[in-house]
file work06.txt (compact mmCIF, N, CA and C atoms)
# COMPACT_ATOMS: atom_id res chain seq x y z
N CYS C 1117 163.95 122.47 244.26
CA CYS C 1117 163.49 121.89 243.02
C CYS C 1117 164.45 122.23 241.88
N THR C 1118 164.92 123.50 241.86
CA THR C 1118 165.84 123.91 240.81
C THR C 1118 167.16 123.16 240.93
N ASP C 1119 167.64 122.97 242.17
CA ASP C 1119 168.88 122.23 242.37
C ASP C 1119 168.74 120.79 241.89
N GLN C 1120 167.58 120.20 242.14
CA GLN C 1120 167.35 118.83 241.69
C GLN C 1120 167.35 118.76 240.17
N MET C 1121 166.73 119.74 239.51
CA MET C 1121 166.70 119.75 238.05
C MET C 1121 168.11 119.95 237.49
N MET C 1122 168.91 120.80 238.15
CA MET C 1122 170.28 121.01 237.69
C MET C 1122 171.08 119.72 237.82
N LEU C 1123 170.92 119.04 238.95
CA LEU C 1123 171.61 117.77 239.16
C LEU C 1123 171.16 116.76 238.13
N PHE C 1124 169.85 116.70 237.89
CA PHE C 1124 169.31 115.78 236.90
C PHE C 1124 169.87 116.08 235.52
N GLY C 1125 169.96 117.38 235.19
CA GLY C 1125 170.51 117.78 233.89
C GLY C 1125 171.97 117.37 233.74
N LYS C 1126 172.75 117.52 234.82
CA LYS C 1126 174.16 117.14 234.77
C LYS C 1126 174.32 115.63 234.58
N ILE C 1127 173.49 114.87 235.30
CA ILE C 1127 173.56 113.41 235.18
C ILE C 1127 173.16 112.98 233.77
N SER C 1128 172.11 113.59 233.23
CA SER C 1128 171.67 113.20 231.89
C SER C 1128 172.71 113.58 230.84
N GLN C 1129 173.41 114.72 231.03
CA GLN C 1129 174.47 115.09 230.10
C GLN C 1129 175.60 114.06 230.13
N GLN C 1130 175.92 113.58 231.33
CA GLN C 1130 176.97 112.57 231.45
C GLN C 1130 176.54 111.29 230.75
N LEU C 1131 175.29 110.90 230.93
CA LEU C 1131 174.79 109.69 230.29
C LEU C 1131 174.80 109.84 228.77
N CYS C 1132 174.47 111.03 228.31
CA CYS C 1132 174.44 111.25 226.86
C CYS C 1132 175.84 111.25 226.27
N GLY C 1133 176.86 111.39 227.09
CA GLY C 1133 178.23 111.35 226.61
C GLY C 1133 178.72 109.95 226.31
N PHE C 1134 178.04 108.93 226.83
CA PHE C 1134 178.42 107.55 226.54
C PHE C 1134 178.19 107.25 225.07
N LYS C 1135 179.05 106.43 224.51
CA LYS C 1135 178.85 106.01 223.11
C LYS C 1135 177.59 105.16 222.98
N LYS C 1136 177.36 104.30 223.93
CA LYS C 1136 176.16 103.46 223.92
C LYS C 1136 175.63 103.39 225.34
N LEU C 1137 174.43 103.86 225.53
CA LEU C 1137 173.84 103.84 226.86
C LEU C 1137 173.46 102.42 227.25
N PRO C 1138 173.48 102.13 228.54
CA PRO C 1138 173.17 100.78 228.99
C PRO C 1138 171.83 100.25 228.51
N TRP C 1139 170.86 101.12 228.35
CA TRP C 1139 169.53 100.65 227.93
C TRP C 1139 169.28 100.93 226.45
N SER C 1140 170.34 101.19 225.70
CA SER C 1140 170.30 101.33 224.24
C SER C 1140 169.31 102.39 223.74
N CYS C 1141 169.44 103.60 224.23
CA CYS C 1141 168.64 104.69 223.68
C CYS C 1141 169.54 105.91 223.55
N ASP C 1142 169.12 106.85 222.75
CA ASP C 1142 169.91 108.07 222.66
C ASP C 1142 169.23 109.18 223.44
N CYS C 1143 169.86 110.33 223.49
CA CYS C 1143 169.38 111.44 224.30
C CYS C 1143 167.99 111.92 223.89
N ARG C 1144 167.75 111.94 222.58
CA ARG C 1144 166.43 112.41 222.13
C ARG C 1144 165.32 111.52 222.67
N HIS C 1145 165.55 110.22 222.67
CA HIS C 1145 164.54 109.31 223.20
C HIS C 1145 164.36 109.53 224.70
N PHE C 1146 165.48 109.76 225.38
CA PHE C 1146 165.40 109.99 226.83
C PHE C 1146 164.58 111.24 227.13
N TRP C 1147 164.90 112.35 226.46
CA TRP C 1147 164.17 113.59 226.72
C TRP C 1147 162.72 113.48 226.27
N GLY C 1148 162.47 112.77 225.19
CA GLY C 1148 161.09 112.54 224.77
C GLY C 1148 160.31 111.77 225.81
N TRP C 1149 160.97 110.76 226.38
CA TRP C 1149 160.33 109.98 227.45
C TRP C 1149 160.05 110.87 228.66
N LEU C 1150 161.04 111.69 229.06
CA LEU C 1150 160.87 112.55 230.22
C LEU C 1150 159.76 113.57 229.99
N ASN C 1151 159.71 114.16 228.81
CA ASN C 1151 158.63 115.11 228.50
C ASN C 1151 157.27 114.42 228.55
N ALA C 1152 157.20 113.19 228.07
CA ALA C 1152 155.94 112.44 228.12
C ALA C 1152 155.52 112.20 229.57
N VAL C 1153 156.47 111.93 230.44
CA VAL C 1153 156.16 111.74 231.87
C VAL C 1153 155.61 113.04 232.45
N PHE C 1154 156.23 114.18 232.14
CA PHE C 1154 155.77 115.47 232.65
C PHE C 1154 154.38 115.82 232.11
N ASN C 1155 154.03 115.32 230.95
CA ASN C 1155 152.76 115.66 230.31
C ASN C 1155 151.64 114.68 230.61
N LYS C 1156 151.93 113.60 231.30
CA LYS C 1156 150.91 112.59 231.58
C LYS C 1156 149.78 113.21 232.41
N VAL C 1157 148.57 113.02 231.96
CA VAL C 1157 147.41 113.60 232.63
C VAL C 1157 147.09 112.80 233.88
N ASP C 1158 146.93 113.50 234.99
CA ASP C 1158 146.58 112.89 236.27
C ASP C 1158 145.12 113.24 236.56
N TYR C 1159 144.23 112.36 236.14
CA TYR C 1159 142.80 112.62 236.29
C TYR C 1159 142.38 112.67 237.75
N GLU C 1160 143.07 111.95 238.60
CA GLU C 1160 142.77 111.99 240.05
C GLU C 1160 143.11 113.38 240.60
N ARG C 1161 144.22 113.96 240.13
CA ARG C 1161 144.61 115.30 240.57
C ARG C 1161 143.58 116.33 240.10
N ILE C 1162 143.08 116.18 238.89
CA ILE C 1162 142.04 117.08 238.38
C ILE C 1162 140.82 117.01 239.28
N ARG C 1163 140.45 115.80 239.66
CA ARG C 1163 139.29 115.62 240.53
C ARG C 1163 139.54 116.23 241.91
N ASP C 1164 140.75 116.07 242.44
CA ASP C 1164 141.06 116.52 243.80
C ASP C 1164 141.20 118.03 243.94
N VAL C 1165 141.84 118.69 242.97
CA VAL C 1165 142.13 120.12 243.12
C VAL C 1165 141.39 121.00 242.13
N GLY C 1166 140.69 120.40 241.20
CA GLY C 1166 139.96 121.16 240.21
C GLY C 1166 140.74 121.31 238.92
N PRO C 1167 140.03 121.54 237.83
CA PRO C 1167 140.67 121.54 236.51
C PRO C 1167 141.66 122.69 236.29
N ASP C 1168 141.35 123.90 236.77
CA ASP C 1168 142.26 125.02 236.52
C ASP C 1168 143.55 124.89 237.33
N ARG C 1169 143.44 124.44 238.57
CA ARG C 1169 144.64 124.24 239.39
C ARG C 1169 145.50 123.13 238.79
N ALA C 1170 144.89 122.02 238.41
CA ALA C 1170 145.64 120.90 237.83
C ALA C 1170 146.30 121.33 236.51
N ALA C 1171 145.57 122.09 235.69
CA ALA C 1171 146.14 122.57 234.43
C ALA C 1171 147.30 123.53 234.70
N SER C 1172 147.16 124.39 235.70
CA SER C 1172 148.24 125.31 236.07
C SER C 1172 149.48 124.54 236.50
N GLU C 1173 149.29 123.54 237.33
CA GLU C 1173 150.43 122.73 237.79
C GLU C 1173 151.12 122.07 236.61
N TRP C 1174 150.35 121.51 235.69
CA TRP C 1174 150.92 120.86 234.51
C TRP C 1174 151.70 121.85 233.67
N LEU C 1175 151.10 123.01 233.39
CA LEU C 1175 151.75 124.01 232.55
C LEU C 1175 153.05 124.50 233.17
N LEU C 1176 153.04 124.80 234.45
CA LEU C 1176 154.25 125.29 235.11
C LEU C 1176 155.31 124.19 235.20
N ARG C 1177 154.88 122.98 235.45
CA ARG C 1177 155.83 121.85 235.51
C ARG C 1177 156.55 121.69 234.17
N CYS C 1178 155.87 122.03 233.09
CA CYS C 1178 156.45 121.89 231.75
C CYS C 1178 157.13 123.16 231.25
N GLY C 1179 157.21 124.20 232.08
CA GLY C 1179 157.94 125.40 231.72
C GLY C 1179 157.12 126.53 231.12
N ALA C 1180 155.81 126.39 231.09
CA ALA C 1180 154.95 127.47 230.59
C ALA C 1180 154.67 128.44 231.74
N ILE C 1181 154.03 129.56 231.43
CA ILE C 1181 153.59 130.48 232.46
C ILE C 1181 152.09 130.73 232.27
N VAL C 1182 151.41 131.07 233.36
CA VAL C 1182 149.96 131.27 233.30
C VAL C 1182 149.58 132.59 233.97
N ARG C 1183 148.46 133.13 233.51
CA ARG C 1183 147.88 134.31 234.14
C ARG C 1183 146.41 134.00 234.42
N TYR C 1184 145.95 134.45 235.57
CA TYR C 1184 144.58 134.17 235.98
C TYR C 1184 143.67 135.36 235.70
N HIS C 1185 142.41 135.07 235.48
CA HIS C 1185 141.41 136.08 235.22
C HIS C 1185 141.41 137.11 236.36
N GLY C 1186 141.46 138.37 236.00
CA GLY C 1186 141.44 139.44 236.99
C GLY C 1186 142.80 139.79 237.57
N GLN C 1187 143.87 139.16 237.09
CA GLN C 1187 145.22 139.45 237.59
C GLN C 1187 146.12 139.85 236.43
N GLU C 1188 147.02 140.75 236.69
CA GLU C 1188 147.97 141.19 235.67
C GLU C 1188 149.26 140.36 235.71
N ARG C 1189 149.55 139.78 236.86
CA ARG C 1189 150.81 139.09 237.08
C ARG C 1189 150.79 137.69 236.44
N TRP C 1190 151.89 137.35 235.78
CA TRP C 1190 152.08 136.01 235.24
C TRP C 1190 152.71 135.14 236.32
N HIS C 1191 152.25 133.91 236.44
CA HIS C 1191 152.81 132.96 237.41
C HIS C 1191 153.72 132.00 236.66
N LYS C 1192 154.95 131.87 237.16
CA LYS C 1192 155.90 130.98 236.51
C LYS C 1192 156.55 130.00 237.48
N ASP C 1193 156.30 130.16 238.76
CA ASP C 1193 156.91 129.30 239.77
C ASP C 1193 155.87 128.34 240.34
N TYR C 1194 156.08 127.08 240.10
CA TYR C 1194 155.17 126.03 240.57
C TYR C 1194 154.96 126.13 242.08
N ASN C 1195 156.01 126.47 242.81
CA ASN C 1195 155.94 126.52 244.27
C ASN C 1195 155.23 127.75 244.80
N HIS C 1196 154.91 128.70 243.94
CA HIS C 1196 154.22 129.92 244.37
C HIS C 1196 152.86 130.08 243.72
N LEU C 1197 152.25 128.97 243.36
CA LEU C 1197 150.89 129.06 242.84
C LEU C 1197 149.98 129.62 243.93
N PRO C 1198 149.00 130.42 243.56
CA PRO C 1198 148.10 131.00 244.57
C PRO C 1198 147.30 129.91 245.27
N THR C 1199 147.03 130.16 246.53
CA THR C 1199 146.22 129.22 247.31
C THR C 1199 144.87 129.87 247.58
N GLY C 1200 143.97 129.10 248.09
CA GLY C 1200 142.64 129.61 248.37
C GLY C 1200 141.61 128.68 247.77
N PRO C 1201 140.37 129.16 247.69
CA PRO C 1201 139.31 128.32 247.12
C PRO C 1201 139.67 127.85 245.71
N LEU C 1202 139.42 126.58 245.45
CA LEU C 1202 139.83 126.00 244.17
C LEU C 1202 139.16 126.64 242.96
N ASP C 1203 137.97 127.18 243.14
CA ASP C 1203 137.27 127.77 242.01
C ASP C 1203 137.57 129.27 241.83
N LYS C 1204 138.44 129.82 242.67
CA LYS C 1204 138.74 131.26 242.62
C LYS C 1204 139.65 131.63 241.45
N TYR C 1205 140.62 130.80 241.12
CA TYR C 1205 141.62 131.14 240.11
C TYR C 1205 141.33 130.40 238.81
N LYS C 1206 140.89 131.15 237.81
CA LYS C 1206 140.58 130.62 236.49
C LYS C 1206 141.66 131.08 235.51
N ILE C 1207 142.19 130.17 234.74
CA ILE C 1207 143.24 130.52 233.79
C ILE C 1207 142.66 131.41 232.70
N GLN C 1208 143.34 132.55 232.47
CA GLN C 1208 142.92 133.46 231.41
C GLN C 1208 143.87 133.37 230.23
N ALA C 1209 145.17 133.21 230.51
CA ALA C 1209 146.15 133.21 229.42
C ALA C 1209 147.28 132.25 229.74
N ILE C 1210 147.87 131.72 228.67
CA ILE C 1210 148.98 130.78 228.78
C ILE C 1210 150.06 131.23 227.81
N ASP C 1211 151.30 131.26 228.28
CA ASP C 1211 152.44 131.48 227.40
C ASP C 1211 153.30 130.22 227.48
N ALA C 1212 153.25 129.42 226.43
CA ALA C 1212 153.96 128.13 226.42
C ALA C 1212 155.24 128.20 225.59
N THR C 1213 155.74 129.41 225.36
CA THR C 1213 156.98 129.59 224.60
C THR C 1213 158.11 128.82 225.28
N ASP C 1214 158.81 128.01 224.51
CA ASP C 1214 159.95 127.22 224.99
C ASP C 1214 159.59 126.23 226.10
N SER C 1215 158.34 125.87 226.20
CA SER C 1215 157.94 124.87 227.20
C SER C 1215 157.97 123.48 226.56
N CYS C 1216 157.76 122.47 227.38
CA CYS C 1216 157.77 121.10 226.85
C CYS C 1216 156.37 120.50 226.84
N ILE C 1217 155.32 121.36 226.78
CA ILE C 1217 153.99 120.78 226.74
C ILE C 1217 153.81 119.99 225.45
N MET C 1218 153.08 118.89 225.58
CA MET C 1218 152.82 118.00 224.45
C MET C 1218 151.32 117.74 224.36
N ASN C 1219 150.88 117.31 223.21
CA ASN C 1219 149.45 117.08 223.00
C ASN C 1219 148.88 116.05 223.96
N ILE C 1220 149.69 115.15 224.49
CA ILE C 1220 149.14 114.16 225.42
C ILE C 1220 148.67 114.80 226.72
N GLY C 1221 149.08 116.03 226.99
CA GLY C 1221 148.64 116.74 228.19
C GLY C 1221 147.45 117.64 227.96
N PHE C 1222 146.97 117.72 226.71
CA PHE C 1222 145.89 118.66 226.40
C PHE C 1222 144.57 118.35 227.12
N ASP C 1223 144.43 117.14 227.65
CA ASP C 1223 143.21 116.86 228.43
C ASP C 1223 143.10 117.78 229.64
N TYR C 1224 144.24 118.27 230.14
CA TYR C 1224 144.18 119.25 231.22
C TYR C 1224 143.42 120.49 230.77
N LEU C 1225 143.66 120.91 229.54
CA LEU C 1225 143.00 122.12 229.03
C LEU C 1225 141.52 121.87 228.73
N GLU C 1226 141.20 120.66 228.29
CA GLU C 1226 139.81 120.34 227.99
C GLU C 1226 138.95 120.35 229.23
N THR C 1227 139.54 120.00 230.37
CA THR C 1227 138.75 119.93 231.61
C THR C 1227 138.70 121.26 232.33
N SER C 1228 139.61 122.20 232.01
CA SER C 1228 139.60 123.49 232.69
C SER C 1228 138.61 124.42 232.02
N ASN C 1229 138.31 125.49 232.71
CA ASN C 1229 137.36 126.49 232.21
C ASN C 1229 138.11 127.74 231.81
N ILE C 1230 139.02 127.62 230.86
CA ILE C 1230 139.85 128.75 230.47
C ILE C 1230 138.98 129.85 229.91
N CYS C 1231 139.15 131.04 230.49
CA CYS C 1231 138.35 132.19 230.07
C CYS C 1231 138.81 132.67 228.70
N CYS C 1232 137.89 133.24 227.97
CA CYS C 1232 138.22 133.78 226.64
C CYS C 1232 138.59 135.22 226.71
call {"tool": "encode", "arguments": {"input": "work06.txt", "output": "structure tokens"}}
result
Amino acid sequence: CTDQMMLFGKISQQLCGFKKLPWSCDCRHFWGWLNAVFNKVDYERIRDVGPDRAASEWLLRCGAIVRYHGQERWHKDYNHLPTGPLDKYKIQAIDATDSCIMNIGFDYLETSNICC
């Protein structure tokens, strides 16, 4: 996944080097579009895996880290999310520093049962 993101980043940098992109947009619009894609709420996924798991996947996909109730460890790797019963892992804390989460993804948080 990291190699794919690095390749994607290199390709996007090359595209941003063009004076005029083929589809007439600049880099900011491209990254804004990409962030919007990463933040799009997948209500079917929420239904299938539960609100906390879906919210965790969204947060990690966007570069945030999460901690679950009863655990000290922060999770930052999408590929190493804990497995087990869907209702076992409840989000307790979120660190979204330098992440690309956007308000269009906040429905993930509204459906989860984030502990106080």
call {"tool": "residues_around", "arguments": {"input": "work06.txt", "residues": "C:Arg1183", "least_positions_apart": "4", "cutoff": "7 Å", "atoms": "all atoms listed in the file", "output": "count of residues only"}}
result
11
call {"tool": "atom_distance", "arguments": {"input": "work06.txt", "atom1": "atom CA of C:Ala1212", "atom2": "atom C of C:Leu1225"}}
result
14.1 Å
call {"tool": "atom_distance", "arguments": {"input": "work06.txt", "atom1": "atom CA of C:Glu1173", "atom2": "atom N of C:Val1157"}}
result
11.5 Å
call {"tool": "residues_near_point", "arguments": {"input": "work06.txt", "point": "(157.9, 124.4, 229.0)", "cutoff": "8 Å", "atoms": "only N, CA and C atoms", "output": "list in words"}}
result
Leu1175, Leu1176, Arg1177, Cys1178, Gly1179, Ala1180, Ile1181, Asp1211, Ala1212, Thr1213, Asp1214, Ser1215, Cys1216 and Ile1217 of chain C
call {"tool": "write_last_selection", "arguments": {"input": "work06.txt", "atoms": "N, CA and C atoms", "output": "short mmCIF file (atom, residue, chain, number, x, y, z; two decimals), in the coordinates of the input"}}
result
data_model
loop_
_atom_site.label_atom_id
_atom_site.label_comp_id
_atom_site.auth_asym_id
_atom_site.auth_seq_id
_atom_site.Cartn_x
_atom_site.Cartn_y
_atom_site.Cartn_z
N LEU C 1175 151.10 123.01 233.39
CA LEU C 1175 151.75 124.01 232.55
C LEU C 1175 153.05 124.50 233.17
N LEU C 1176 153.04 124.80 234.45
CA LEU C 1176 154.25 125.29 235.11
C LEU C 1176 155.31 124.19 235.20
N ARG C 1177 154.88 122.98 235.45
CA ARG C 1177 155.83 121.85 235.51
C ARG C 1177 156.55 121.69 234.17
N CYS C 1178 155.87 122.03 233.09
CA CYS C 1178 156.45 121.89 231.75
C CYS C 1178 157.13 123.16 231.25
N GLY C 1179 157.21 124.20 232.08
CA GLY C 1179 157.94 125.40 231.72
C GLY C 1179 157.12 126.53 231.12
N ALA C 1180 155.81 126.39 231.09
CA ALA C 1180 154.95 127.47 230.59
C ALA C 1180 154.67 128.44 231.74
N ILE C 1181 154.03 129.56 231.43
CA ILE C 1181 153.59 130.48 232.46
C ILE C 1181 152.09 130.73 232.27
N ASP C 1211 151.30 131.26 228.28
CA ASP C 1211 152.44 131.48 227.40
C ASP C 1211 153.30 130.22 227.48
N ALA C 1212 153.25 129.42 226.43
CA ALA C 1212 153.96 128.13 226.42
C ALA C 1212 155.24 128.20 225.59
N THR C 1213 155.74 129.41 225.36
CA THR C 1213 156.98 129.59 224.60
C THR C 1213 158.11 128.82 225.28
N ASP C 1214 158.81 128.01 224.51
CA ASP C 1214 159.95 127.22 224.99
C ASP C 1214 159.59 126.23 226.10
N SER C 1215 158.34 125.87 226.20
CA SER C 1215 157.94 124.87 227.20
C SER C 1215 157.97 123.48 226.56
N CYS C 1216 157.76 122.47 227.38
CA CYS C 1216 157.77 121.10 226.85
C CYS C 1216 156.37 120.50 226.84
N ILE C 1217 155.32 121.36 226.78
CA ILE C 1217 153.99 120.78 226.74
C ILE C 1217 153.81 119.99 225.45
#
call {"tool": "decode", "arguments": {"input": "work06.txt", "residues": "stretch 1199-1210 of chain C", "atoms": "all heavy atoms", "output": "CSV table (one decimal), in the first residue's frame"}}
result
chain,number,residue,atom,x,y,z
C,1199,THR,N,-8.8,-7.4,14.8
C,1199,THR,CA,-9.9,-8.2,14.3
C,1199,THR,C,-10.6,-8.8,15.5
C,1199,THR,O,-10.2,-8.7,16.6
C,1199,THR,CB,-9.4,-9.4,13.4
C,1199,THR,OG1,-8.4,-10.2,14.1
C,1199,THR,CG2,-8.7,-8.8,12.2
C,1200,GLY,N,-11.7,-9.4,15.2
C,1200,GLY,CA,-12.5,-10.0,16.3
C,1200,GLY,C,-14.0,-9.5,16.2
C,1200,GLY,O,-14.4,-8.9,15.2
C,1201,PRO,N,-14.7,-9.7,17.2
C,1201,PRO,CA,-16.1,-9.3,17.2
C,1201,PRO,C,-16.2,-7.8,16.9
C,1201,PRO,O,-15.5,-7.0,17.4
C,1201,PRO,CB,-16.6,-9.6,18.6
C,1201,PRO,CG,-15.7,-10.6,19.2
C,1201,PRO,CD,-14.4,-10.3,18.5
C,1202,LEU,N,-17.2,-7.4,16.0
C,1202,LEU,CA,-17.3,-6.0,15.6
C,1202,LEU,C,-17.6,-5.1,16.7
C,1202,LEU,O,-17.2,-3.9,16.6
C,1202,LEU,CB,-18.3,-5.9,14.5
C,1202,LEU,CG,-18.0,-6.7,13.2
C,1202,LEU,CD1,-19.1,-6.6,12.2
C,1202,LEU,CD2,-16.7,-6.2,12.6
C,1203,ASP,N,-18.3,-5.5,17.7
C,1203,ASP,CA,-18.6,-4.6,18.8
C,1203,ASP,C,-17.6,-4.5,19.9
C,1203,ASP,O,-17.8,-3.8,20.9
C,1203,ASP,CB,-20.0,-5.0,19.4
C,1203,ASP,CG,-20.0,-6.4,20.0
C,1203,ASP,OD1,-19.1,-7.2,19.7
C,1203,ASP,OD2,-21.0,-6.7,20.7
C,1204,LYS,N,-16.5,-5.3,19.8
C,1204,LYS,CA,-15.5,-5.3,20.8
C,1204,LYS,C,-14.6,-4.0,20.9
C,1204,LYS,O,-14.2,-3.6,22.0
C,1204,LYS,CB,-14.5,-6.5,20.6
C,1204,LYS,CG,-13.5,-6.7,21.6
C,1204,LYS,CD,-12.6,-7.9,21.4
C,1204,LYS,CE,-11.5,-8.0,22.5
C,1204,LYS,NZ,-10.7,-9.1,22.2
C,1205,TYR,N,-14.3,-3.4,19.7
C,1205,TYR,CA,-13.4,-2.3,19.7
C,1205,TYR,C,-14.2,-1.0,19.5
C,1205,TYR,O,-14.7,-0.7,18.4
C,1205,TYR,CB,-12.3,-2.5,18.6
C,1205,TYR,CG,-11.5,-3.7,18.9
C,1205,TYR,CD1,-11.7,-4.9,18.2
C,1205,TYR,CD2,-10.4,-3.6,19.7
C,1205,TYR,CE1,-10.9,-6.0,18.5
C,1205,TYR,CE2,-9.6,-4.7,20.0
C,1205,TYR,CZ,-9.9,-5.9,19.4
C,1205,TYR,OH,-9.1,-7.0,19.6
C,1206,LYS,N,-14.2,-0.2,20.5
C,1206,LYS,CA,-14.9,1.1,20.5
C,1206,LYS,C,-13.8,2.2,20.5
C,1206,LYS,O,-12.9,2.2,21.3
C,1206,LYS,CB,-15.8,1.3,21.7
C,1206,LYS,CG,-16.9,0.2,21.8
C,1206,LYS,CD,-17.9,0.3,20.7
C,1206,LYS,CE,-19.0,-0.7,20.9
C,1206,LYS,NZ,-19.8,-0.9,19.8
C,1207,ILE,N,-14.0,3.2,19.6
C,1207,ILE,CA,-13.0,4.3,19.5
C,1207,ILE,C,-13.1,5.1,20.8
C,1207,ILE,O,-14.2,5.5,21.2
C,1207,ILE,CB,-13.3,5.1,18.3
C,1207,ILE,CG1,-13.0,4.3,17.0
C,1207,ILE,CG2,-12.3,6.3,18.3
C,1207,ILE,CD1,-13.4,5.0,15.8
C,1208,GLN,N,-12.0,5.3,21.4
C,1208,GLN,CA,-11.9,6.2,22.6
C,1208,GLN,C,-11.3,7.5,22.3
C,1208,GLN,O,-11.7,8.6,22.8
C,1208,GLN,CB,-11.1,5.5,23.7
C,1208,GLN,CG,-11.0,6.4,25.0
C,1208,GLN,CD,-10.2,5.7,26.0
C,1208,GLN,OE1,-9.3,4.9,25.8
C,1208,GLN,NE2,-10.4,6.1,27.3
C,1209,ALA,N,-10.3,7.5,21.4
C,1209,ALA,CA,-9.6,8.8,21.1
C,1209,ALA,C,-9.1,8.8,19.6
C,1209,ALA,O,-8.9,7.7,19.1
C,1209,ALA,CB,-8.4,8.9,22.0
C,1210,ILE,N,-9.0,10.0,19.1
C,1210,ILE,CA,-8.6,10.2,17.7
C,1210,ILE,C,-7.6,11.3,17.7
C,1210,ILE,O,-7.8,12.3,18.4
C,1210,ILE,CB,-9.8,10.6,16.8
C,1210,ILE,CG1,-10.9,9.6,16.8
C,1210,ILE,CG2,-9.3,11.0,15.4
C,1210,ILE,CD1,-12.2,10.1,16.2
